[in-house]
Amino acid sequence: MESVKIPSNFDYKKLKSLSFEAREKLTAIQPVTISQASRISGVTPSDISVLLVYLGR
């Protein structure tokens, strides 16, 4: 998942399927890859799945 990039201007707030905590943390930290996002405390595997579906992976 290190190769799956997240666009730098990605708006996590438009993904209503993400948990509130995940949206806040991802917005604050702005991870570059899905792998980095998965290591953030409070971001669950289901949040990562939502990101992957939205990014088309």
# chains A, B, ... in the order shown; residues from 1 in each chain; ligands from 1
>>> residues_around(residues="Ser41 (chain A)", least_positions_apart="6", cutoff="10 Å", atoms="only C-alpha atoms", output="list in words")
Glu21, Ala22 and Lys25 of chain A
>>> write_last_selection(atoms="all heavy atoms", output="CSV table (one decimal), in the first residue's frame")
chain,number,residue,atom,x,y,z
A,21,GLU,N,-13.4,10.7,13.7
A,21,GLU,CA,-12.0,10.8,14.2
A,21,GLU,C,-11.0,10.6,13.0
A,21,GLU,O,-10.1,11.3,13.0
A,21,GLU,CB,-11.8,9.7,15.2
A,21,GLU,CG,-10.4,9.7,15.8
A,21,GLU,CD,-10.2,8.6,16.9
A,21,GLU,OE1,-11.0,7.7,17.0
A,21,GLU,OE2,-9.2,8.7,17.6
A,22,ALA,N,-11.3,9.7,12.1
A,22,ALA,CA,-10.4,9.5,11.0
A,22,ALA,C,-10.4,10.7,10.1
A,22,ALA,O,-9.3,11.1,9.7
A,22,ALA,CB,-10.9,8.3,10.2
A,25,LYS,N,-8.2,13.4,11.9
A,25,LYS,CA,-6.8,13.1,11.9
A,25,LYS,C,-6.2,13.1,10.5
A,25,LYS,O,-5.0,13.6,10.3
A,25,LYS,CB,-6.6,11.7,12.6
A,25,LYS,CG,-6.8,11.8,14.1
A,25,LYS,CD,-6.4,10.6,14.8
A,25,LYS,CE,-6.6,10.8,16.3
A,25,LYS,NZ,-6.1,9.7,17.1
>>> residues_around(residues="Ser38 (chain A)", least_positions_apart="3", cutoff="10 Å", atoms="only C-alpha atoms", output="VMD selection string")
chain A and resid 1 26 31 33 to 35 41 to 45 47 to 49
>>> residues_around(residues="Gln30 (chain A)", least_positions_apart="5", cutoff="10 Å", atoms="only C-alpha atoms", output="ChimeraX atom specification")
/A:6-12,25,36-37
>>> atom_distance(atom1="CA of Thr27 (chain A)", atom2="CA of Lys5 (chain A)")
15.2 Å
>>> select_by_dssp(residues="chain A", states="helix (DSSP H, G or I)", output="list in words")
Tyr12, Lys13, Lys14, Phe20, Glu21, Ala22, Arg23, Glu24, Lys25, Leu26, Thr27, Ala28, Ile29, Ile34, Ser35, Gln36, Ala37, Ser38, Pro45, Ser46, Asp47, Ile48, Ser49, Val50, Leu51, Leu52, Val53 and Tyr54 of chain A
>>> write_last_selection(atoms="N, CA and C atoms", output="compact mmCIF listing (two decimals), in the first residue's frame")
# COMPACT_ATOMS: atom_id res chain seq x y z
N TYR A 12 -10.89 15.08 2.82
CA TYR A 12 -11.42 13.94 3.58
C TYR A 12 -12.83 14.21 4.08
N LYS A 13 -13.20 15.46 4.23
CA LYS A 13 -14.52 15.80 4.76
C LYS A 13 -15.66 15.42 3.83
N LYS A 14 -15.36 15.22 2.54
CA LYS A 14 -16.43 14.84 1.62
C LYS A 14 -16.72 13.34 1.65
N PHE A 20 -15.65 10.05 12.12
CA PHE A 20 -15.35 11.45 12.43
C PHE A 20 -13.89 11.61 12.85
N GLU A 21 -13.42 10.70 13.71
CA GLU A 21 -12.04 10.76 14.20
C GLU A 21 -11.05 10.61 13.05
N ALA A 22 -11.32 9.69 12.13
CA ALA A 22 -10.43 9.49 10.98
C ALA A 22 -10.39 10.73 10.10
N ARG A 23 -11.56 11.33 9.85
CA ARG A 23 -11.59 12.54 9.03
C ARG A 23 -10.75 13.65 9.65
N GLU A 24 -10.89 13.84 10.96
CA GLU A 24 -10.12 14.89 11.64
C GLU A 24 -8.61 14.63 11.57
N LYS A 25 -8.21 13.40 11.87
CA LYS A 25 -6.78 13.08 11.90
C LYS A 25 -6.15 13.10 10.52
N LEU A 26 -6.85 12.56 9.53
CA LEU A 26 -6.32 12.57 8.17
C LEU A 26 -6.20 13.99 7.63
N THR A 27 -7.16 14.84 7.96
CA THR A 27 -7.10 16.24 7.53
C THR A 27 -5.92 16.95 8.18
N ALA A 28 -5.69 16.68 9.45
CA ALA A 28 -4.60 17.35 10.18
C ALA A 28 -3.23 16.85 9.74
N ILE A 29 -3.09 15.55 9.52
CA ILE A 29 -1.78 14.95 9.22
C ILE A 29 -1.46 14.96 7.73
N ILE A 34 -1.45 5.54 1.33
CA ILE A 34 -2.40 4.76 2.12
C ILE A 34 -1.68 4.07 3.28
N SER A 35 -0.46 3.65 3.06
CA SER A 35 0.31 2.99 4.11
C SER A 35 0.53 3.93 5.29
N GLN A 36 0.86 5.17 5.02
CA GLN A 36 1.03 6.15 6.10
C GLN A 36 -0.29 6.39 6.82
N ALA A 37 -1.36 6.47 6.07
CA ALA A 37 -2.68 6.69 6.66
C ALA A 37 -3.07 5.54 7.58
N SER A 38 -2.70 4.32 7.20
CA SER A 38 -3.08 3.15 8.00
C SER A 38 -2.34 3.09 9.33
N PRO A 45 -9.17 -0.03 9.95
CA PRO A 45 -9.08 -0.73 8.67
C PRO A 45 -10.29 -0.43 7.76
N SER A 46 -11.47 -0.23 8.34
CA SER A 46 -12.62 0.10 7.50
C SER A 46 -12.47 1.50 6.90
N ASP A 47 -11.85 2.42 7.62
CA ASP A 47 -11.58 3.75 7.05
C ASP A 47 -10.62 3.64 5.87
N ILE A 48 -9.62 2.78 6.00
CA ILE A 48 -8.66 2.57 4.91
C ILE A 48 -9.37 1.96 3.69
N SER A 49 -10.29 1.03 3.95
CA SER A 49 -11.06 0.43 2.86
C SER A 49 -11.88 1.48 2.11
N VAL A 50 -12.49 2.39 2.85
CA VAL A 50 -13.27 3.47 2.23
C VAL A 50 -12.36 4.33 1.35
N LEU A 51 -11.19 4.66 1.86
CA LEU A 51 -10.22 5.44 1.07
C LEU A 51 -9.82 4.71 -0.21
N LEU A 52 -9.53 3.41 -0.09
CA LEU A 52 -9.13 2.63 -1.25
C LEU A 52 -10.24 2.57 -2.30
N VAL A 53 -11.47 2.40 -1.86
CA VAL A 53 -12.60 2.36 -2.80
C VAL A 53 -12.73 3.71 -3.50
N TYR A 54 -12.64 4.78 -2.73
CA TYR A 54 -12.80 6.12 -3.32
C TYR A 54 -11.67 6.44 -4.30
